[in-house]
>>> print(open('model-v6.cif').read())   # mmCIF, C-alpha atoms
data_run
#
loop_
_atom_site.group_PDB
_atom_site.id
_atom_site.type_symbol
_atom_site.label_atom_id
_atom_site.label_comp_id
_atom_site.auth_asym_id
_atom_site.auth_seq_id
_atom_site.Cartn_x
_atom_site.Cartn_y
_atom_site.Cartn_z
ATOM 1 C CA MET H 16 129.897 35.764 15.371
ATOM 2 C CA GLU H 17 131.290 39.089 16.506
ATOM 3 C CA ASN H 18 130.504 39.816 20.142
ATOM 4 C CA THR H 19 128.515 43.035 19.782
ATOM 5 C CA PRO H 20 125.241 44.110 21.384
ATOM 6 C CA GLN H 21 123.470 43.513 18.055
ATOM 7 C CA ALA H 22 125.021 40.059 17.729
ATOM 8 C CA GLU H 23 123.970 39.196 21.260
ATOM 9 C CA VAL H 24 120.398 40.240 20.457
ATOM 10 C CA GLU H 25 120.387 38.114 17.294
ATOM 11 C CA ALA H 26 121.727 35.132 19.262
ATOM 12 C CA GLN H 27 118.645 35.284 21.473
ATOM 13 C CA LEU H 28 116.125 35.378 18.611
ATOM 14 C CA PRO H 29 114.013 32.227 18.224
ATOM 15 C CA LEU H 30 115.564 29.797 15.721
ATOM 16 C CA VAL H 31 113.990 26.854 13.897
ATOM 17 C CA TYR H 32 116.254 24.024 12.747
ATOM 18 C CA ILE H 33 114.727 22.431 9.630
ATOM 19 C CA VAL H 34 115.853 18.926 8.628
ATOM 20 C CA ASP H 35 114.441 17.526 5.385
ATOM 21 C CA ASP H 36 116.125 15.681 2.525
ATOM 22 C CA GLU H 37 114.101 17.612 -0.080
ATOM 23 C CA ALA H 38 115.517 21.073 -0.866
ATOM 24 C CA ALA H 39 112.135 22.300 -2.133
ATOM 25 C CA VAL H 40 110.518 21.456 1.212
ATOM 26 C CA ARG H 41 113.284 23.194 3.165
ATOM 27 C CA ASP H 42 112.925 26.274 0.969
ATOM 28 C CA ALA H 43 109.129 26.347 1.332
ATOM 29 C CA LEU H 44 109.319 25.980 5.106
ATOM 30 C CA GLY H 45 112.001 28.648 5.259
ATOM 31 C CA LEU H 46 109.828 31.099 3.342
ATOM 32 C CA LEU H 47 106.888 30.306 5.613
ATOM 33 C CA PHE H 48 108.896 31.003 8.764
ATOM 34 C CA GLN H 49 110.475 34.090 7.217
ATOM 35 C CA SER H 50 106.992 35.468 6.537
ATOM 36 C CA VAL H 51 106.245 35.477 10.267
ATOM 37 C CA GLY H 52 109.658 36.688 11.384
ATOM 38 C CA LEU H 53 111.137 33.363 12.513
ATOM 39 C CA ALA H 54 114.823 32.714 11.862
ATOM 40 C CA HIS H 55 115.662 29.294 10.458
ATOM 41 C CA VAL H 56 118.565 27.079 9.385
ATOM 42 C CA GLY H 57 118.085 24.172 6.979
ATOM 43 C CA PHE H 58 119.883 20.817 6.791
ATOM 44 C CA PRO H 59 119.580 18.070 4.137
ATOM 45 C CA ASP H 60 119.872 15.192 6.620
ATOM 46 C CA ALA H 61 120.225 14.289 10.267
ATOM 47 C CA GLN H 62 123.994 13.894 10.083
ATOM 48 C CA ALA H 63 124.400 17.486 8.892
ATOM 49 C CA LEU H 64 122.444 18.779 11.876
ATOM 50 C CA LEU H 65 124.356 16.591 14.335
ATOM 51 C CA ALA H 66 127.649 17.964 12.994
ATOM 52 C CA HIS H 67 126.470 21.557 13.452
ATOM 53 C CA PRO H 68 127.011 23.522 16.681
ATOM 54 C CA LEU H 69 123.568 23.822 18.233
ATOM 55 C CA ARG H 70 122.405 26.608 20.492
ATOM 56 C CA SER H 71 120.706 25.729 23.751
ATOM 57 C CA ALA H 72 117.776 28.159 23.469
ATOM 58 C CA PRO H 73 115.559 29.585 22.195
ATOM 59 C CA CYS H 74 115.195 27.065 19.375
ATOM 60 C CA CYS H 75 113.255 24.053 18.171
ATOM 61 C CA LEU H 76 113.654 21.249 15.658
ATOM 62 C CA LEU H 77 111.345 20.559 12.716
ATOM 63 C CA THR H 78 112.262 17.300 11.010
ATOM 64 C CA ASP H 79 110.782 14.997 8.413
ATOM 65 C CA LEU H 80 110.038 11.447 9.557
ATOM 66 C CA ARG H 81 111.418 9.470 6.626
ATOM 67 C CA MET H 82 114.942 10.391 5.544
ATOM 68 C CA PRO H 83 117.952 8.406 4.273
ATOM 69 C CA LEU H 84 120.344 6.870 6.841
ATOM 70 C CA MET H 85 118.631 8.316 9.922
ATOM 71 C CA SER H 86 114.924 8.985 10.397
ATOM 72 C CA GLY H 87 113.453 11.979 12.165
ATOM 73 C CA ILE H 88 112.607 9.849 15.202
ATOM 74 C CA GLU H 89 116.153 8.455 15.344
ATOM 75 C CA LEU H 90 117.447 12.030 15.137
ATOM 76 C CA VAL H 91 115.354 13.086 18.132
ATOM 77 C CA GLU H 92 116.475 10.003 20.066
ATOM 78 C CA THR H 93 120.130 10.730 19.231
ATOM 79 C CA LEU H 94 119.821 14.330 20.368
ATOM 80 C CA ARG H 95 118.253 13.192 23.650
ATOM 81 C CA LYS H 96 121.137 10.740 24.232
ATOM 82 C CA ARG H 97 123.566 13.639 23.706
ATOM 83 C CA GLY H 98 121.733 15.710 26.290
ATOM 84 C CA VAL H 99 120.164 18.072 23.745
ATOM 85 C CA SER H 100 116.585 18.652 24.830
ATOM 86 C CA MET H 101 115.298 21.189 22.301
ATOM 87 C CA PRO H 102 111.583 20.692 21.543
ATOM 88 C CA ALA H 103 111.105 18.665 18.359
ATOM 89 C CA ILE H 104 108.256 18.488 15.854
ATOM 90 C CA ILE H 105 108.108 15.581 13.396
ATOM 91 C CA ILE H 106 106.242 15.881 10.113
ATOM 92 C CA SER H 107 105.192 12.963 7.931
ATOM 93 C CA GLY H 108 103.280 12.362 4.742
ATOM 94 C CA HIS H 109 102.380 8.800 5.689
ATOM 95 C CA GLY H 110 100.185 9.123 8.786
ATOM 96 C CA ASP H 111 101.687 6.013 10.411
ATOM 97 C CA ILE H 112 100.017 5.599 13.817
ATOM 98 C CA LYS H 113 102.816 3.470 15.268
ATOM 99 C CA GLN H 114 105.378 6.062 14.205
ATOM 100 C CA ALA H 115 103.286 8.870 15.709
ATOM 101 C CA VAL H 116 103.190 7.008 19.025
ATOM 102 C CA ARG H 117 106.932 6.352 18.907
ATOM 103 C CA ALA H 118 107.664 9.984 18.027
ATOM 104 C CA LEU H 119 105.690 11.358 20.952
ATOM 105 C CA LYS H 120 107.073 8.779 23.373
ATOM 106 C CA CYS H 121 110.676 9.537 22.375
ATOM 107 C CA GLY H 122 110.200 13.170 23.325
ATOM 108 C CA ALA H 123 108.766 14.961 20.276
ATOM 109 C CA VAL H 124 106.260 17.637 21.267
ATOM 110 C CA ASP H 125 104.164 17.201 18.127
ATOM 111 C CA PHE H 126 103.596 14.909 15.137
ATOM 112 C CA ILE H 127 102.028 16.596 12.116
ATOM 113 C CA GLU H 128 100.688 14.928 8.997
ATOM 114 C CA LYS H 129 101.223 16.298 5.490
ATOM 115 C CA PRO H 130 99.623 18.161 3.902
ATOM 116 C CA PHE H 131 99.373 20.494 6.862
ATOM 117 C CA ASP H 132 97.813 23.900 7.324
ATOM 118 C CA ASP H 133 100.465 26.631 7.430
ATOM 119 C CA GLN H 134 98.949 28.303 10.470
ATOM 120 C CA ASP H 135 98.715 24.999 12.334
ATOM 121 C CA LEU H 136 102.421 24.410 11.736
ATOM 122 C CA ILE H 137 103.333 27.952 12.819
ATOM 123 C CA ASP H 138 101.241 27.537 15.968
ATOM 124 C CA SER H 139 103.021 24.267 16.758
ATOM 125 C CA VAL H 140 106.451 25.836 16.181
ATOM 126 C CA ASN H 141 105.578 28.851 18.339
ATOM 127 C CA ALA H 142 104.460 26.511 21.133
ATOM 128 C CA ALA H 143 107.733 24.577 20.851
ATOM 129 C CA LEU H 144 109.753 27.794 20.963
ATOM 130 C CA LYS H 145 107.856 28.916 24.049
ATOM 131 C CA LEU H 146 108.855 25.651 25.739
ATOM 132 C CA SER H 147 112.456 26.253 24.763
ATOM 133 C CA MET H 148 112.437 29.794 26.136
ATOM 134 C CA ASN H 149 110.962 28.778 29.469
ATOM 135 C CA ASP H 150 113.091 26.269 31.366
ATOM 136 C CA ALA H 151 110.469 25.907 34.062
ATOM 137 C CA SER H 152 107.826 24.997 31.486
ATOM 138 C CA THR H 153 110.168 22.491 29.859
ATOM 139 C CA ASP H 154 110.899 20.665 33.108
ATOM 140 C CA ALA H 155 107.429 20.870 34.602
ATOM 141 C CA PRO H 156 104.715 18.328 33.797
ATOM 142 C CA ALA H 157 102.824 19.279 30.664
ATOM 143 C CA ALA H 158 99.381 20.785 31.108
ATOM 144 C CA PRO H 159 96.508 18.560 30.032
ATOM 145 C CA ALA H 160 95.760 18.825 26.340
ATOM 146 C CA GLU H 161 92.511 20.489 25.304
ATOM 147 C CA GLY H 162 90.972 17.182 24.379
ATOM 148 C CA THR H 163 91.659 15.562 27.744
ATOM 149 C CA ARG H 164 90.177 18.141 30.077
ATOM 150 C CA PRO H 165 87.923 16.479 32.645
ATOM 151 C CA GLY H 166 84.715 17.533 30.874
ATOM 152 C CA ARG H 167 85.653 15.872 27.600
ATOM 153 C CA GLN H 168 87.442 12.904 29.106
ATOM 154 C CA ALA H 169 84.368 12.039 31.152
ATOM 155 C CA GLN H 170 82.353 11.791 27.923
ATOM 156 C CA ILE H 171 84.471 8.908 26.587
ATOM 157 C CA SER H 172 82.639 5.622 27.054
ATOM 158 C CA PRO H 173 84.352 2.422 28.259
ATOM 159 C CA ARG H 174 83.994 0.901 24.789
ATOM 160 C CA GLU H 175 85.516 3.983 23.155
ATOM 161 C CA LEU H 176 88.440 3.752 25.577
ATOM 162 C CA GLU H 177 89.002 0.143 24.478
ATOM 163 C CA VAL H 178 88.970 1.220 20.827
ATOM 164 C CA LEU H 179 91.337 4.122 21.569
ATOM 165 C CA ARG H 180 93.758 1.815 23.354
ATOM 166 C CA LEU H 181 94.071 -0.376 20.272
ATOM 167 C CA VAL H 182 94.086 2.528 17.794
ATOM 168 C CA VAL H 183 97.001 4.147 19.608
ATOM 169 C CA LYS H 184 98.815 0.796 19.619
ATOM 170 C CA GLY H 185 98.636 0.991 15.818
ATOM 171 C CA CYS H 186 96.098 -1.795 15.297
ATOM 172 C CA PRO H 187 94.037 -1.669 12.073
ATOM 173 C CA ASN H 188 90.244 -1.756 12.328
ATOM 174 C CA LYS H 189 90.028 -5.476 11.497
ATOM 175 C CA VAL H 190 92.367 -6.374 14.357
ATOM 176 C CA ILE H 191 90.470 -4.103 16.757
ATOM 177 C CA ALA H 192 87.181 -5.660 15.667
ATOM 178 C CA ARG H 193 88.538 -9.158 16.294
ATOM 179 C CA GLU H 194 89.953 -8.187 19.704
ATOM 180 C CA LEU H 195 86.705 -6.603 20.848
ATOM 181 C CA GLY H 196 84.324 -9.027 19.170
ATOM 182 C CA ILE H 197 82.558 -6.339 17.135
ATOM 183 C CA SER H 198 82.378 -5.404 13.452
ATOM 184 C CA ALA H 199 84.944 -3.198 11.711
ATOM 185 C CA ARG H 200 82.149 -0.732 10.968
ATOM 186 C CA THR H 201 81.338 -0.478 14.681
ATOM 187 C CA VAL H 202 85.034 0.189 15.364
ATOM 188 C CA GLU H 203 84.928 3.071 12.883
ATOM 189 C CA VAL H 204 81.875 4.526 14.604
ATOM 190 C CA HIS H 205 83.442 4.328 18.080
ATOM 191 C CA ARG H 206 86.672 5.874 16.825
ATOM 192 C CA ALA H 207 84.823 8.704 15.087
ATOM 193 C CA HIS H 208 82.819 9.445 18.246
ATOM 194 C CA ALA H 209 85.973 9.451 20.395
ATOM 195 C CA MET H 210 87.771 11.780 17.977
ATOM 196 C CA GLN H 211 84.816 14.153 18.002
ATOM 197 C CA LYS H 212 84.650 14.179 21.800
ATOM 198 C CA LEU H 213 88.401 14.791 22.114
ATOM 199 C CA GLY H 214 88.450 17.457 19.423
ATOM 200 C CA ALA H 215 90.888 15.507 17.204
ATOM 201 C CA SER H 216 90.629 16.049 13.446
ATOM 202 C CA SER H 217 93.130 13.341 12.428
ATOM 203 C CA VAL H 218 94.520 10.086 13.774
ATOM 204 C CA ALA H 219 97.892 11.746 14.445
ATOM 205 C CA GLU H 220 96.148 14.442 16.465
ATOM 206 C CA LEU H 221 94.159 11.774 18.297
ATOM 207 C CA VAL H 222 97.404 10.023 19.267
ATOM 208 C CA ARG H 223 98.871 13.308 20.478
ATOM 209 C CA VAL H 224 95.814 14.149 22.584
ATOM 210 C CA VAL H 225 95.646 10.675 24.128
ATOM 211 C CA LEU H 226 99.364 10.408 24.942
ATOM 212 C CA HIS H 227 99.881 13.956 26.192
ATOM 213 C CA GLY H 228 96.716 13.824 28.262
ATOM 214 C CA GLY H 229 97.575 10.512 29.905
ATOM 215 C CA LEU H 230 94.158 9.180 28.991
ATOM 216 C CA LEU H 231 95.410 5.632 28.432
ATOM 217 C CA ASP H 232 98.659 5.514 30.427
ATOM 218 C CA GLN H 233 97.885 2.189 32.103
ATOM 219 C CA ALA H 234 95.982 0.623 29.225
ATOM 220 C CA LEU H 235 98.811 1.276 26.749
ATOM 221 C CA ASP H 236 101.146 -0.940 28.769
ATOM 222 C CA GLU H 237 98.831 -3.936 28.607
ATOM 223 C CA PRO H 238 99.636 -6.546 25.915
ATOM 224 C CA LEU H 239 96.836 -7.363 23.521
ATOM 225 C CA SER H 240 96.700 -10.948 24.794
ATOM 226 C CA ASN H 241 95.537 -9.625 28.168
ATOM 227 C CA HIS H 242 92.535 -7.925 26.666
ATOM 228 C CA HIS H 243 89.133 -8.756 28.053
ATOM 229 C CA ALA H 244 86.211 -7.520 25.977
ATOM 230 C CA ILE H 245 83.574 -5.517 27.771
ATOM 231 C CA ALA H 246 79.896 -5.321 26.997
ATOM 232 C CA ARG H 247 78.825 -2.849 24.388
#
>>> encode(input="model-v6.cif", output="C-alpha cells")
Amino acid sequence: MENTPQAEVEAQLPLVYIVDDEAAVRDALGLLFQSVGLAHVGFPDAQALLAHPLRSAPCCLLTDLRMPLMSGIELVETLRKRGVSMPAIIISGHGDIKQAVRALKCGAVDFIEKPFDDQDLIDSVNAALKLSMNDASTDAPAAPAEGTRPGRQAQISPRELEVLRLVVKGCPNKVIARELGISARTVEVHRAHAMQKLGASSVAELVRVVLHGGLLDQALDEPLSNHHAIAR
C-alpha cells in the first residue's frame, strides 16, 4: 500500500478477518460489517488466513468452528503459538459445550451459537476490536462478566454450582443426574435457575459467563471421580 497520509489512516481502521468455508456466509457477514462501517477481509479456510500477512492492530478474528483440515479452535491455537494475539470470536451451529469450553480456554474472547442475532455479533466484534486497540486492556485481567458480579454470584446455590461444574465439563443431564444422585428433571431445573441468575440465555453464553468470571476455577480442575454429592 502506498505510504500516504490517507493510506496510513486506512491502515489504522478496525479490520475483521472472517474465516469460513462457505462463501455465502462470508458474503453475508461482510455485508453486515459493511453496514456498520467495519472493514473486513474474508478467507475460505484457516490455511489461507495463516498465509496472509496479518496486521497487529486494530483487528479481530471471526472464524467458524467446523472447517476442513483445520478447525476454528485449531486456528486460534496456531495463531497463539505464532505469537499472534488478536482477539478471536468462534461461531458454531452445533452448540457443543465441550468445544465452547475449549474455545474460551484456548484464548477466544467469545463463542457464539448460530443462528445469532446480528446486533449481538456486532457487539461482540466491537468488544474484540476494543481489546485489540487497547494494549493495556488486552494484557490486564479481564473485568468480571455481568453474570458473575458479586450480587448475582452470591445467589447461586451450592447445588447449582455442582450442576454448573458438570455442565461446563460437557456432561449431559443423565450423567449429571447420576453423579449428583438426583433426577435428570431436577438437573434441568437447577441449570435453568442458574442460567436465569447469571443472565445467560444459552448454554454457550453460560459457559462464557462461568469461565470468564472465574466462578468455577477450582471446581473445573477436579476429576468427576472426586465428586462428593452434597445435600439438596
>>> closest_atom_pairs(input="model-v6.cif", of="range 65-134 of chain H", to="range 211-234 of chain H", cutoff="10 Å", atoms="all atoms listed in the file", output="tab-separated table")
residue	atom	partner	partner_atom	distance
H:Ser107	CA	H:Ala219	CA	9.9
H:Gly110	CA	H:Ala219	CA	6.6
H:Asp111	CA	H:Ala219	CA	8.0
H:Ile112	CA	H:Ala219	CA	6.5
H:Lys113	CA	H:Val222	CA	9.4
H:Gln114	CA	H:Ala219	CA	9.4
H:Ala115	CA	H:Ala219	CA	6.2
H:Val116	CA	H:Val222	CA	6.5
H:Ala118	CA	H:Arg223	CA	9.7
H:Leu119	CA	H:Arg223	CA	7.1
H:Lys120	CA	H:Leu226	CA	8.0
H:Val124	CA	H:Arg223	CA	8.6
H:Asp125	CA	H:Arg223	CA	7.0
H:Phe126	CA	H:Ala219	CA	6.6
H:Ile127	CA	H:Ala219	CA	6.8
H:Glu128	CA	H:Ala219	CA	6.9
>>> residues_around(input="model-v6.cif", residues="range 77-82 of chain H", least_positions_apart="4", cutoff="9 Å", atoms="only C-alpha atoms", output="list in words")
Val31, Tyr32, Ile33, Val34, Asp35, Asp36, Asp60, Ala61, Ser86, Gly87, Ile88, Glu89, Leu90, Val91, Pro102, Ala103, Ile104, Ile105, Ile106, Ser107, Gly108, His109, Gln114, Ala118 and Val140 of chain H
>>> atom_distance(input="model-v6.cif", atom1="CA of Met210 in chain H", atom2="CA of Leu181 in chain H")
13.9 Å
>>> atom_distance(input="model-v6.cif", atom1="CA of Asn149 in chain H", atom2="CA of Phe131 in chain H")
26.7 Å
>>> closest_residue(input="model-v6.cif", among="H:Arg97, H:Arg206, H:Lys145, H:Arg117", to="Ala72 in chain H", atoms="all atoms listed in the file")
H:Lys145
>>> residues_around(input="model-v6.cif", residues="Ala43 in chain H", least_positions_apart="4", cutoff="12 Å", atoms="all atoms listed in the file", output="PyMOL selection string")
chain H and resi 33+35+37-39+47-50+55+57+133
>>> write_last_selection(input="model-v6.cif", atoms="C-alpha atoms", output="PDB file, in the frame of the given file")
ATOM      1  CA  ILE H  33     114.727  22.431   9.630  1.00  0.00           C
ATOM      2  CA  ASP H  35     114.441  17.526   5.385  1.00  0.00           C
ATOM      3  CA  GLU H  37     114.101  17.612  -0.080  1.00  0.00           C
ATOM      4  CA  ALA H  38     115.517  21.073  -0.866  1.00  0.00           C
ATOM      5  CA  ALA H  39     112.135  22.300  -2.133  1.00  0.00           C
ATOM      6  CA  LEU H  47     106.888  30.306   5.613  1.00  0.00           C
ATOM      7  CA  PHE H  48     108.896  31.003   8.764  1.00  0.00           C
ATOM      8  CA  GLN H  49     110.475  34.090   7.217  1.00  0.00           C
ATOM      9  CA  SER H  50     106.992  35.468   6.537  1.00  0.00           C
ATOM     10  CA  HIS H  55     115.662  29.294  10.458  1.00  0.00           C
ATOM     11  CA  GLY H  57     118.085  24.172   6.979  1.00  0.00           C
ATOM     12  CA  ASP H 133     100.465  26.631   7.430  1.00  0.00           C
TER      13      ASP H 133
END
>>> closest_residue(input="model-v6.cif", among="H:Val178, H:Val51, H:Ala123, H:Cys74", to="Glu92 in chain H", atoms="all atoms listed in the file")
H:Ala123
>>> atom_distance(input="model-v6.cif", atom1="CA of Ala192 in chain H", atom2="CA of Gln170 in chain H")
21.9 Å
>>> closest_residue(input="model-v6.cif", among="H:Ala207, H:Pro68, H:Leu76, H:Val40", to="Ser139 in chain H", atoms="only C-alpha atoms")
H:Leu76
>>> closest_residue(input="model-v6.cif", among="H:Thr201, H:Val182, H:Ser71, H:Pro83", to="Gly98 in chain H", atoms="all atoms listed in the file")
H:Ser71
>>> closest_residue(input="model-v6.cif", among="H:Leu144, H:Leu176, H:Met101, H:Val183", to="His208 in chain H", atoms="all atoms listed in the file")
H:Leu176
